[in-house]
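Asker: Hey, dropping protein.pdb in here, PDB, C-alpha atoms:
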ATOM      1  CA  MET Z1486     -44.882 -56.217 -42.473
ATOM      2  CA  GLN Z1487     -41.118 -56.586 -42.726
ATOM      3  CA  SER Z1488     -41.483 -59.868 -44.639
ATOM      4  CA  CYS Z1489     -43.909 -58.201 -47.060
ATOM      5  CA  TRP Z1490     -41.447 -55.344 -47.598
ATOM      6  CA  LYS Z1491     -38.631 -57.798 -48.270
ATOM      7  CA  LEU Z1492     -40.793 -59.663 -50.777
ATOM      8  CA  GLN Z1493     -41.562 -56.421 -52.604
ATOM      9  CA  ILE Z1494     -37.884 -55.522 -52.758
ATOM     10  CA  SER Z1495     -37.023 -59.008 -54.052
ATOM     11  CA  ALA Z1496     -39.738 -58.753 -56.702
ATOM     12  CA  LEU Z1497     -38.450 -55.367 -57.876
ATOM     13  CA  LEU Z1498     -34.898 -56.656 -58.052
ATOM     14  CA  LEU Z1499     -36.023 -59.684 -60.043
ATOM     15  CA  LEU Z1500     -38.020 -57.461 -62.396
ATOM     16  CA  SER Z1501     -34.978 -55.238 -62.996
ATOM     17  CA  VAL Z1502     -32.851 -58.287 -63.786
ATOM     18  CA  VAL Z1503     -35.382 -59.277 -66.452
ATOM     19  CA  LEU Z1504     -36.138 -55.822 -67.882
ATOM     20  CA  VAL Z1505     -32.620 -54.396 -68.244
ATOM     21  CA  PRO Z1506     -31.384 -57.100 -70.670
ATOM     22  CA  LEU Z1507     -34.638 -56.793 -72.634
ATOM     23  CA  GLN Z1508     -34.246 -53.025 -72.916
ATOM     24  CA  HIS Z1509     -30.606 -53.481 -73.910
ATOM     25  CA  SER Z1510     -31.577 -56.020 -76.577
ATOM     26  CA  THR Z1511     -34.349 -53.766 -77.895
ATOM     27  CA  ALA Z1512     -31.976 -50.799 -78.161
ATOM     28  CA  ARG Z1513     -29.511 -52.916 -80.118
ATOM     29  CA  GLN Z1514     -32.164 -54.171 -82.520
ATOM     30  CA  GLU Z1515     -33.484 -50.655 -83.077
ATOM     31  CA  PHE Z1516     -29.983 -49.430 -83.804
ATOM     32  CA  LEU Z1517     -29.300 -52.264 -86.264
ATOM     33  CA  GLN Z1518     -32.518 -51.415 -88.089
ATOM     34  CA  LYS Z1519     -31.384 -47.789 -88.403
ATOM     35  CA  LEU Z1520     -27.946 -48.868 -89.620
ATOM     36  CA  ASN Z1521     -29.459 -51.291 -92.121
ATOM     37  CA  ALA Z1522     -31.748 -48.574 -93.535
ATOM     38  CA  ALA Z1523     -28.898 -46.054 -93.634
ATOM     39  CA  ALA Z1524     -26.645 -48.480 -95.507
ATOM     40  CA  ILE Z1525     -29.321 -49.201 -98.111
ATOM     41  CA  GLU Z1526     -30.000 -45.469 -98.498
ATOM     42  CA  ARG Z1527     -26.329 -44.972 -99.386
ATOM     43  CA  THR Z1528     -26.862 -46.969-102.591
ATOM     44  CA  HIS Z1529     -28.888 -44.037-103.958
ATOM     45  CA  HIS Z1530     -25.837 -41.738-103.962
ATOM     46  CA  LYS Z1531     -23.363 -41.259-106.768
ATOM     47  CA  VAL Z1532     -19.834 -41.474-105.373
ATOM     48  CA  ARG Z1533     -16.578 -41.397-107.285
ATOM     49  CA  TYR Z1534     -14.002 -43.760-105.804
ATOM     50  CA  ASP Z1535     -11.174 -41.583-104.501
ATOM     51  CA  PRO Z1536      -8.744 -42.725-101.780
ATOM     52  CA  ALA Z1537      -6.910 -39.397-101.580
ATOM     53  CA  TYR Z1538      -5.876 -38.020 -98.192
ATOM     54  CA  VAL Z1539      -8.158 -35.097 -97.338
ATOM     55  CA  ARG Z1540      -8.060 -32.765 -94.352
ATOM     56  CA  ILE Z1541     -11.505 -32.736 -92.785
ATOM     57  CA  PRO Z1542     -13.098 -31.122 -89.712
ATOM     58  CA  TYR Z1543     -13.182 -32.960 -86.404
ATOM     59  CA  PRO Z1544     -15.502 -34.260 -85.129
ATOM     60  CA  GLY Z1545     -18.193 -34.829 -87.746
ATOM     61  CA  GLY Z1546     -15.839 -34.423 -90.676
ATOM     62  CA  ASP Z1547     -16.289 -36.080 -94.050
ATOM     63  CA  VAL Z1548     -14.584 -36.065 -97.416
ATOM     64  CA  PRO Z1549     -16.577 -34.407-100.233
ATOM     65  CA  ALA Z1550     -19.946 -36.147-100.573
ATOM     66  CA  GLU Z1551     -19.331 -37.085-104.201
ATOM     67  CA  THR Z1552     -16.113 -38.970-103.359
ATOM     68  CA  GLY Z1553     -15.065 -41.758-101.043
ATOM     69  CA  VAL Z1554     -13.924 -45.349-100.577
ATOM     70  CA  CYS Z1555     -15.337 -48.469 -98.882
ATOM     71  CA  THR Z1556     -14.755 -47.164 -95.369
ATOM     72  CA  ASP Z1557     -16.489 -43.867 -96.116
ATOM     73  CA  GLU Z1558     -19.749 -45.703 -96.812
ATOM     74  CA  VAL Z1559     -19.521 -47.426 -93.429
ATOM     75  CA  ILE Z1560     -18.741 -44.102 -91.757
ATOM     76  CA  ARG Z1561     -21.638 -42.353 -93.487
ATOM     77  CA  ALA Z1562     -24.105 -45.109 -92.625
ATOM     78  CA  TYR Z1563     -23.072 -44.996 -88.966
ATOM     79  CA  ARG Z1564     -23.337 -41.200 -88.932
ATOM     80  CA  ALA Z1565     -26.875 -41.430 -90.271
ATOM     81  CA  ALA Z1566     -27.617 -43.854 -87.427
ATOM     82  CA  GLY Z1567     -26.193 -41.425 -84.866
ATOM     83  CA  ILE Z1568     -22.601 -42.602 -84.343
ATOM     84  CA  ASP Z1569     -19.502 -40.688 -85.421
ATOM     85  CA  LEU Z1570     -16.802 -43.275 -86.139
ATOM     86  CA  GLN Z1571     -14.290 -40.516 -86.814
ATOM     87  CA  LYS Z1572     -14.607 -39.390 -83.190
ATOM     88  CA  GLU Z1573     -14.894 -42.893 -81.707
ATOM     89  CA  VAL Z1574     -11.855 -44.271 -83.540
ATOM     90  CA  HIS Z1575      -9.734 -41.190 -82.904
ATOM     91  CA  GLU Z1576     -10.443 -41.174 -79.171
ATOM     92  CA  ASP Z1577      -9.556 -44.852 -78.859
ATOM     93  CA  MET Z1578      -6.379 -44.438 -80.905
ATOM     94  CA  VAL Z1579      -5.258 -41.501 -78.783
ATOM     95  CA  ALA Z1580      -5.754 -43.558 -75.637
ATOM     96  CA  ASN Z1581      -4.504 -46.896 -77.010
ATOM     97  CA  PHE Z1582      -2.251 -46.098 -79.947
ATOM     98  CA  SER Z1583      -0.097 -49.206 -79.580
ATOM     99  CA  ALA Z1584      -3.148 -51.463 -80.014
ATOM    100  CA  TYR Z1585      -3.530 -50.343 -83.623
ATOM    101  CA  PRO Z1586      -1.538 -51.349 -86.731
ATOM    102  CA  SER Z1587       1.813 -49.674 -87.179
ATOM    103  CA  GLN Z1588       1.393 -46.256 -88.712
ATOM    104  CA  ALA Z1589       4.888 -46.349 -90.190
ATOM    105  CA  ARG Z1590       3.626 -47.795 -93.467
ATOM    106  CA  TRP Z1591       1.346 -44.790 -93.768
ATOM    107  CA  HIS Z1592       4.193 -42.434 -92.812
ATOM    108  CA  ARG Z1593       2.480 -41.381 -89.596
ATOM    109  CA  SER Z1594       3.908 -41.298 -86.082
ATOM    110  CA  GLY Z1595       0.664 -40.698 -84.206
ATOM    111  CA  PRO Z1596      -3.130 -40.531 -84.484
ATOM    112  CA  ASP Z1597      -4.586 -38.530 -87.355
ATOM    113  CA  SER Z1598      -8.303 -37.701 -87.190
ATOM    114  CA  ASN Z1599      -8.318 -36.944 -90.916
ATOM    115  CA  ILE Z1600      -7.610 -40.497 -92.053
ATOM    116  CA  ASP Z1601      -7.346 -43.101 -89.276
ATOM    117  CA  HIS Z1602     -11.046 -44.016 -89.316
ATOM    118  CA  ARG Z1603     -10.925 -44.360 -93.121
ATOM    119  CA  ARG Z1604      -8.508 -47.313 -92.993
ATOM    120  CA  VAL Z1605      -9.903 -50.842 -92.875
ATOM    121  CA  PRO Z1606      -7.163 -52.283 -90.592
ATOM    122  CA  ASN Z1607      -7.881 -49.584 -88.012
ATOM    123  CA  LEU Z1608     -11.627 -50.227 -88.155
ATOM    124  CA  MET Z1609     -11.004 -53.945 -87.664
ATOM    125  CA  VAL Z1610      -9.082 -53.266 -84.455
ATOM    126  CA  PHE Z1611     -11.637 -50.726 -83.279
ATOM    127  CA  PHE Z1612     -14.640 -53.006 -83.857
ATOM    128  CA  SER Z1613     -12.824 -55.861 -82.114
ATOM    129  CA  ARG Z1614     -12.027 -53.674 -79.112
ATOM    130  CA  LYS Z1615     -15.275 -51.759 -78.745
ATOM    131  CA  GLY Z1616     -17.854 -54.012 -80.359
ATOM    132  CA  GLU Z1617     -18.157 -57.732 -80.952
ATOM    133  CA  ALA Z1618     -15.791 -59.818 -83.072
ATOM    134  CA  LEU Z1619     -17.909 -62.656 -84.423
ATOM    135  CA  PRO Z1620     -16.933 -66.035 -85.881
ATOM    136  CA  ILE Z1621     -15.901 -66.193 -89.527
ATOM    137  CA  THR Z1622     -17.846 -69.007 -91.167
ATOM    138  CA  ASN Z1623     -19.005 -70.168 -94.583
ATOM    139  CA  LYS Z1624     -22.646 -70.200 -93.459
ATOM    140  CA  PRO Z1625     -24.693 -67.312 -94.916
ATOM    141  CA  GLY Z1626     -27.104 -67.416 -91.978
ATOM    142  CA  ASP Z1627     -24.327 -66.420 -89.579
ATOM    143  CA  TYR Z1628     -24.141 -62.952 -91.153
ATOM    144  CA  SER Z1629     -27.006 -60.727 -90.011
ATOM    145  CA  PRO Z1630     -28.227 -57.293 -91.144
ATOM    146  CA  GLY Z1631     -26.041 -54.612 -89.593
ATOM    147  CA  ASP Z1632     -22.987 -56.858 -89.357
ATOM    148  CA  LEU Z1633     -19.692 -55.592 -90.734
ATOM    149  CA  VAL Z1634     -17.525 -57.821 -92.880
ATOM    150  CA  THR Z1635     -13.929 -57.254 -93.972
ATOM    151  CA  TRP Z1636     -12.105 -59.047 -96.773
ATOM    152  CA  ASP Z1637      -8.600 -59.592 -98.039
ATOM    153  CA  LEU Z1638      -8.630 -58.768-101.752
ATOM    154  CA  GLY Z1639      -5.006 -59.845-102.180
ATOM    155  CA  GLY Z1640      -1.866 -57.782-102.597
ATOM    156  CA  GLY Z1641      -2.272 -56.200 -99.181
ATOM    157  CA  ILE Z1642      -5.628 -54.628-100.109
ATOM    158  CA  THR Z1643      -8.495 -54.873 -97.627
ATOM    159  CA  HIS Z1644     -12.179 -54.096 -98.037
ATOM    160  CA  ILE Z1645     -15.230 -53.560 -95.816
ATOM    161  CA  GLY Z1646     -19.002 -53.682 -96.246
ATOM    162  CA  ILE Z1647     -22.269 -53.823 -94.302
ATOM    163  CA  VAL Z1648     -24.653 -56.779 -94.369
ATOM    164  CA  VAL Z1649     -28.243 -55.678 -95.103
ATOM    165  CA  ASP Z1650     -31.633 -57.362 -94.933
ATOM    166  CA  GLN Z1651     -32.189 -57.485 -98.689
ATOM    167  CA  LYS Z1652     -31.619 -60.968-100.092
ATOM    168  CA  SER Z1653     -30.295 -62.081-103.456
ATOM    169  CA  TRP Z1654     -33.108 -63.693-105.431
ATOM    170  CA  LEU Z1655     -30.619 -66.251-106.750
ATOM    171  CA  SER Z1656     -28.629 -67.321-103.663
ATOM    172  CA  ARG Z1657     -31.097 -66.118-100.967
ATOM    173  CA  ARG Z1658     -28.124 -64.679 -99.084
ATOM    174  CA  ASN Z1659     -28.236 -61.296 -97.379
ATOM    175  CA  MET Z1660     -26.579 -58.779 -99.649
ATOM    176  CA  ILE Z1661     -23.734 -56.388 -98.889
ATOM    177  CA  VAL Z1662     -23.637 -52.612 -99.239
ATOM    178  CA  HIS Z1663     -20.100 -51.595-100.180
ATOM    179  CA  ASN Z1664     -17.996 -49.454-102.481
ATOM    180  CA  ILE Z1665     -15.291 -51.370-104.269
ATOM    181  CA  GLY Z1666     -14.724 -48.807-107.015
ATOM    182  CA  GLU Z1667     -18.039 -47.933-108.610
ATOM    183  CA  GLY Z1668     -19.765 -46.138-105.768
ATOM    184  CA  PRO Z1669     -22.020 -47.617-103.069
ATOM    185  CA  LYS Z1670     -23.832 -50.707-104.334
ATOM    186  CA  MET Z1671     -25.895 -53.515-102.841
ATOM    187  CA  GLU Z1672     -24.573 -56.827-104.126
ATOM    188  CA  ASP Z1673     -24.401 -60.536-103.367
ATOM    189  CA  VAL Z1674     -20.662 -60.602-102.650
ATOM    190  CA  LEU Z1675     -20.371 -62.036 -99.129
ATOM    191  CA  PHE Z1676     -18.180 -64.943-100.198
ATOM    192  CA  ASP Z1677     -16.548 -63.366-103.258
ATOM    193  CA  TRP Z1678     -13.292 -62.747-101.369
ATOM    194  CA  LYS Z1679     -11.493 -64.116 -98.341
ATOM    195  CA  ILE Z1680     -13.275 -62.942 -95.190
ATOM    196  CA  ILE Z1681     -10.845 -61.736 -92.524
ATOM    197  CA  GLY Z1682     -13.224 -60.048 -90.111
ATOM    198  CA  HIS Z1683     -16.835 -60.222 -88.929
ATOM    199  CA  TYR Z1684     -18.077 -57.627 -86.448
ATOM    200  CA  ARG Z1685     -21.084 -56.061 -84.820
ATOM    201  CA  TYR Z1686     -20.895 -52.558 -83.363
ATOM    202  CA  PHE Z1687     -23.769 -50.739 -81.679
ATOM    203  CA  GLY Z1688     -21.847 -47.736 -80.430
ATOM    204  CA  PHE Z1689     -23.408 -46.681 -77.137
ATOM    205  CA  ALA Z1690     -25.163 -50.040 -76.868
ATOM    206  CA  SER Z1691     -22.012 -52.114 -77.339
ATOM    207  CA  GLY Z1692     -20.295 -50.990 -74.183
ATOM    208  CA  ASN Z1693     -17.305 -53.180 -73.486
ATOM    209  CA  ALA Z1694     -18.813 -56.289 -75.057
ATOM    210  CA  GLN Z1695     -16.630 -59.338 -74.886
ATOM    211  CA  SER Z1696     -15.322 -60.690 -78.150
ATOM    212  CA  ALA Z1697     -17.282 -63.620 -79.514
ATOM    213  CA  ARG Z1698     -14.450 -64.725 -81.757
ATOM    214  CA  ARG Z1699     -13.694 -68.413 -81.529
TER     215      ARG Z1699
END
Render the structure in this file as structure tokens.
Answerer:
Amino acid sequence: MQSCWKLQISALLLLSVVLVPLQHSTARQEFLQKLNAAAIERTHHKVRYDPAYVRIPYPGGDVPAETGVCTDEVIRAYRAAGIDLQKEVHEDMVANFSAYPSQARWHRSGPDSNIDHRRVPNLMVFFSRKGEALPITNKPGDYSPGDLVTWDLGGGITHIGIVVDQKSWLSRRNMIVHNIGEGPKMEDVLFDWKIIGHYRYFGFASGNAQSARR
């Protein structure tokens, strides 16, 4: 009887070892599908490019819907998928302010929930810390729907976009949803500029994932 009981316990433990990673993987895939759909939906909105500093509520704050920059499209897509990057970034900056880029260039001496999450350098640090930092390559297949990509446009200007599952009919690459000045668009621009960051962030599903950067 005792041996039978031990076998049952062992079987249950083995089953849990198998099921938990599967459930975790399923949750991640479901989230990426939501994020992908939310990013594509953003391309149906008319948004005037406006980088102005705006005081917004916290949490759940947003600049006026008809305005925004590249980061605002990422923020809005994540919100539609159930994650408030304003709150997530602010909480991490409050707890780990020194891990983020110097705020002196932005004339700030501490965290600011109105603007911190709207800056590409801060998002790069946040996604590296709380999500997965993935290899930067020149292989289109390495960039999957739901991935975040950041670029150096030159002159100290950075940019961010979301990889989606729609492919360019010409290059067959996954396209990018981004706002580089003409509102949210879906375009084949993955390799148009120098890539400086490649990330994946699932929010609740990311946990404290180890960086995959090599």
Asker: Neighbours of Cys1555 (chain Z) within 12 Å (all atoms listed in the file; same-chain residues fewer than 2 positions away dropped), as a VMD selection string?
Answerer: chain Z and resid 1524 1527 1532 to 1536 1552 to 1553 1557 to 1562 1602 to 1605 1608 1633 to 1636 1642 to 1647 1661 to 1670
Asker: For the file shown, report as a list of chain:residue names the outcome of the PyMOL selection byres ((chain Z and resi 1620) around 12) at residue level.
Answerer: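 Going through the file, the PyMOL selection byres ((chain Z and resi 1620) around 12) ends up selecting Z:Ser1613, Z:Glu1617, Z:Ala1618, Z:Leu1619, Z:Ile1621, Z:Thr1622, Z:Asn1623, Z:Lys1624, Z:Pro1625, Z:Gly1626, Z:Asp1627, Z:Tyr1628, Z:Asp1632, Z:Leu1633, Z:Val1634, Z:Ile1680, Z:Ile1681, Z:Gly1682, Z:His1683, Z:Tyr1684, Z:Arg1685, Z:Ser1696, Z:Ala1697, Z:Arg1698, Z:Arg1699.
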Asker: Take the point (-33.1, -51.6, -85.1) as written in the file and pick out every residue within 12 Å of it, counting all atoms listed in the file; give the list as a CSV table (one decimal) with C-alpha atoms, keeping the file's coordinate frame.
Answerer:
chain,number,residue,atom,x,y,z
Z,1509,HIS,CA,-30.6,-53.5,-73.9
Z,1510,SER,CA,-31.6,-56.0,-76.6
Z,1511,THR,CA,-34.3,-53.8,-77.9
Z,1512,ALA,CA,-32.0,-50.8,-78.2
Z,1513,ARG,CA,-29.5,-52.9,-80.1
Z,1514,GLN,CA,-32.2,-54.2,-82.5
Z,1515,GLU,CA,-33.5,-50.7,-83.1
Z,1516,PHE,CA,-30.0,-49.4,-83.8
Z,1517,LEU,CA,-29.3,-52.3,-86.3
Z,1518,GLN,CA,-32.5,-51.4,-88.1
Z,1519,LYS,CA,-31.4,-47.8,-88.4
Z,1520,LEU,CA,-27.9,-48.9,-89.6
Z,1521,ASN,CA,-29.5,-51.3,-92.1
Z,1522,ALA,CA,-31.7,-48.6,-93.5
Z,1523,ALA,CA,-28.9,-46.1,-93.6
Z,1566,ALA,CA,-27.6,-43.9,-87.4
Z,1630,PRO,CA,-28.2,-57.3,-91.1
Z,1631,GLY,CA,-26.0,-54.6,-89.6
Z,1649,VAL,CA,-28.2,-55.7,-95.1
Z,1650,ASP,CA,-31.6,-57.4,-94.9
Z,1687,PHE,CA,-23.8,-50.7,-81.7
Z,1690,ALA,CA,-25.2,-50.0,-76.9
Asker: Find the distance between CA of Ile1600 (chain Z) and CA of Thr1528 (chain Z) and write it in Å to one decimal.
Answerer: 22.9 Å
